[in-house]
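This report refers to the structure that appears directly beneath it.
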Amino acid sequence: CPETRRIARVRSQEYLRLLEKAGPECMGLEHAINPEVEAARALWRRLQVPAAEDVRDFFDGLVRLTAFTVEQKAPAAGRKLSDLAQDLEKALVVAVERAGSMTIPRGEDSLQPGDYVWTCCEADRVSRVAALMGKKPTPMHRAALFGGGSVGFHLARLLRKEGIPVKLIEPDRARCEELAGQLPGAVVLHGQAMDLKLLQEEEIGQSSAFIAATEDDEDNLLSSLLALRQGVPKVMALMERTDYQSVLPTLGLSHVVSKNMTAVGMILAHIRRG
């Protein structure tokens with residue numbers, strides 16, 4: 001049927017490499033989505049805007065929907081959106097969450113400290129919006145990853161492509177040897193991210209970001225909490241269990257990515273484009 005949209009969820013690395021070379025059309029598909037690759041990209045987007053709570057890209061990354069929490073002394077705090085129009089330039093405040101209630105604001109509405117604000121603007125204007133929300137620039141000088149599976153590997157490759165130093169902790173020795181050959185310039189460590197002695201020896205607490213990307217939600221949770229205690233300013237984790245996600249912010253872990261939900265979001269985005 002010519003009107004049928006064919007979008008496939010592909011996890012096999014062998015098929016994924018084939019589709020990257022020949023294109024999804026070779027199998028009669030319009031799009032092929034790999035959950036692990038999309039999760040790595042979602043984590044990478046958040047690392048590109050360290051001050052953001054969430055980042056969504058549109059039009060091949062030219063436009064970004066970004067979420068920020070308004071800081072106590074932010075330039076935007078206590079001001080009406082109509083008064084912020086000149087400072088925001090072409091950026092739009094599309095939604096504000098306050099006390100668990102989401103609203104679409106109008107010009108007479110004001111932003112308050114603690115508000116969770118969604119903004120939409122061109123990618124090169126995000127830093128200006130972040131400054132208005134009271135966020136300070138935090139350049140990425142080093143990243144630490146836990147888990148050398150597909151998500152961790154693809155994220156490490158994205159980081160190294162941008163020249164960012166990477167330390168990757170992987171529990172499986174054989175996988176460590178594979179990763180060492182596949183990630184030039186990255187430091188691959190055999191061990192557990194729940195090993196406090198290892199974290200201290202490798203100065204993981206001095207990293208700009210820590211990302212827990214194993215297949216085990218509990219390991220990701222525990223290692224992320226330990227990284228927070230070591231003083232890492234940006235900590236993110238893969239998490240599939242929805243019953244965990246509701247309590248994570250109370251533990252200080254608000255940056256969570258789900259492979260499955262990321263894949264669903266990508267499929268819906270392709271469908272809505274028409």
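Labels for the structure tokens follow display order: chains A, B, ..., residues from 1 in each chain, ligands from 1.
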Using only C-alpha atoms, find each residue in region 37-93 of chain A having at least one atom no more than 9 Å away from region 192-214 of chain A; report its shortest atom-to-atom pair and that distance in Å (one decimal), rows by chain then rising number, as a Markdown table.
| residue | atom | partner | partner_atom | distance |
| --- | --- | --- | --- | --- |
| A:Ala40 | CA | A:Ala213 | CA | 8.9 |
| A:Leu43 | CA | A:Ile211 | CA | 8.3 |
| A:Leu47 | CA | A:Ala209 | CA | 7.8 |
| A:Pro50 | CA | A:Ala209 | CA | 8.6 |
task = List every residue of region 97-229 of chain A that DSSP, applied to the backbone, labels as strand (DSSP E or B), and write the result as a count of residues only.
result = 31
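Across the model, the gap from CA of Gly100 (chain A) to CA of Asp83 (chain A) is 25.1 Å.
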request  = May I have the residues within 9 Å of region 116-121 of chain A as a PyMOL selection string, using only C-alpha atoms and disregarding those fewer than 5 positions away in the same chain?
outcome  = chain A and resi 53-54+62-70+90-98+102+111+126+129+133
key: Top pick for closest residue to His255 (chain A), considering A:Ala39, A:Gln182, A:Arg46, A:Val187 and counting only C-alpha atoms   = A:Arg46
request  = Name all residues at most 10 Å from region 161-164 of chain A (count only C-alpha atoms; drop same-chain ones fewer than 2 positions away) and give them as a ChimeraX atom specification.
outcome  = /A:140-143,155-159,166,183-186
Could you write out that same residue set with all heavy atoms as a tab-separated table (two decimals), in the first residue's frame?
chain	number	residue	atom	x	y	z
A	140	MET	N	32.45	21.46	28.89
A	140	MET	CA	32.70	20.04	29.10
A	140	MET	C	34.20	19.76	28.93
A	140	MET	O	34.72	19.81	27.81
A	140	MET	CB	31.89	19.22	28.10
A	140	MET	CG	32.08	17.72	28.19
A	140	MET	SD	31.36	17.01	29.67
A	140	MET	CE	29.65	17.52	29.49
A	141	HIS	N	34.91	19.49	30.02
A	141	HIS	CA	36.35	19.25	29.91
A	141	HIS	C	36.70	17.77	30.05
A	141	HIS	O	37.77	17.35	29.63
A	141	HIS	CB	37.11	20.07	30.96
A	141	HIS	CG	36.80	19.72	32.38
A	141	HIS	ND1	37.38	18.66	33.03
A	141	HIS	CD2	35.95	20.31	33.27
A	141	HIS	CE1	36.91	18.61	34.27
A	141	HIS	NE2	36.05	19.58	34.44
A	142	ARG	N	35.78	16.96	30.63
A	142	ARG	CA	36.05	15.53	30.76
A	142	ARG	C	34.77	14.81	31.13
A	142	ARG	O	33.96	15.33	31.91
A	142	ARG	CB	37.12	15.27	31.82
A	142	ARG	CG	37.61	13.83	31.86
A	142	ARG	CD	38.78	13.69	32.80
A	142	ARG	NE	38.36	13.74	34.19
A	142	ARG	CZ	39.20	13.74	35.22
A	142	ARG	NH1	40.51	13.75	35.00
A	142	ARG	NH2	38.76	13.76	36.46
A	143	ALA	N	34.55	13.63	30.58
A	143	ALA	CA	33.35	12.84	30.87
A	143	ALA	C	33.75	11.45	31.36
A	143	ALA	O	34.74	10.87	30.91
A	143	ALA	CB	32.47	12.71	29.63
A	155	LEU	N	27.90	6.71	22.82
A	155	LEU	CA	28.08	8.00	23.47
A	155	LEU	C	29.56	8.36	23.58
A	155	LEU	O	29.95	9.50	23.32
A	155	LEU	CB	27.44	7.98	24.86
A	155	LEU	CG	27.58	9.26	25.68
A	155	LEU	CD1	27.00	10.46	24.93
A	155	LEU	CD2	26.91	9.10	27.04
A	156	ALA	N	30.38	7.38	23.94
A	156	ALA	CA	31.83	7.64	24.02
A	156	ALA	C	32.38	8.06	22.66
A	156	ALA	O	33.24	8.95	22.57
A	156	ALA	CB	32.55	6.38	24.52
A	157	ARG	N	31.88	7.46	21.60
A	157	ARG	CA	32.34	7.81	20.26
A	157	ARG	C	31.94	9.24	19.90
A	157	ARG	O	32.73	9.98	19.30
A	157	ARG	CB	31.76	6.83	19.23
A	157	ARG	CG	32.42	6.93	17.86
A	157	ARG	CD	32.09	5.73	17.00
A	157	ARG	NE	30.67	5.65	16.71
A	157	ARG	CZ	30.14	4.78	15.84
A	157	ARG	NH1	30.94	3.93	15.21
A	157	ARG	NH2	28.85	4.75	15.62
A	158	LEU	N	30.73	9.66	20.30
A	158	LEU	CA	30.30	11.04	20.05
A	158	LEU	C	31.17	12.02	20.82
A	158	LEU	O	31.56	13.08	20.30
A	158	LEU	CB	28.83	11.20	20.46
A	158	LEU	CG	27.79	10.53	19.56
A	158	LEU	CD1	26.42	10.57	20.22
A	158	LEU	CD2	27.72	11.22	18.20
A	159	LEU	N	31.49	11.69	22.06
A	159	LEU	CA	32.32	12.56	22.89
A	159	LEU	C	33.73	12.67	22.32
A	159	LEU	O	34.30	13.76	22.23
A	159	LEU	CB	32.38	12.01	24.32
A	159	LEU	CG	31.10	12.16	25.14
A	159	LEU	CD1	31.12	11.21	26.34
A	159	LEU	CD2	30.92	13.60	25.61
A	166	VAL	N	37.57	11.03	27.65
A	166	VAL	CA	36.59	10.09	28.18
A	166	VAL	C	37.27	9.02	29.00
A	166	VAL	O	38.30	8.46	28.59
A	166	VAL	CB	35.80	9.42	27.03
A	166	VAL	CG1	34.91	8.29	27.56
A	166	VAL	CG2	34.95	10.44	26.28
A	183	LEU	N	37.84	2.66	20.52
A	183	LEU	CA	37.70	4.06	20.97
A	183	LEU	C	39.09	4.69	21.16
A	183	LEU	O	39.57	4.83	22.29
A	183	LEU	CB	36.92	4.11	22.28
A	183	LEU	CG	35.47	3.66	22.23
A	183	LEU	CD1	34.89	3.54	23.64
A	183	LEU	CD2	34.63	4.63	21.40
A	184	PRO	N	39.73	5.07	20.07
A	184	PRO	CA	41.06	5.69	20.17
A	184	PRO	C	41.03	6.94	21.04
A	184	PRO	O	40.14	7.79	20.89
A	184	PRO	CB	41.40	6.03	18.72
A	184	PRO	CG	40.53	5.15	17.89
A	184	PRO	CD	39.27	4.96	18.67
A	185	GLY	N	41.95	7.04	21.96
A	185	GLY	CA	42.04	8.23	22.81
A	185	GLY	C	41.25	8.13	24.09
A	185	GLY	O	41.47	8.93	25.01
A	186	ALA	N	40.33	7.18	24.19
A	186	ALA	CA	39.56	7.01	25.42
A	186	ALA	C	40.31	6.12	26.40
A	186	ALA	O	41.05	5.22	25.99
A	186	ALA	CB	38.19	6.40	25.11
key: Residues of region 170-200 of chain A in helix (DSSP H, G or I), written as a count of residues only   = 15
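For the pair CA of Ala77 (chain A) and CA of Pro113 (chain A), the separation is 5.7 Å.
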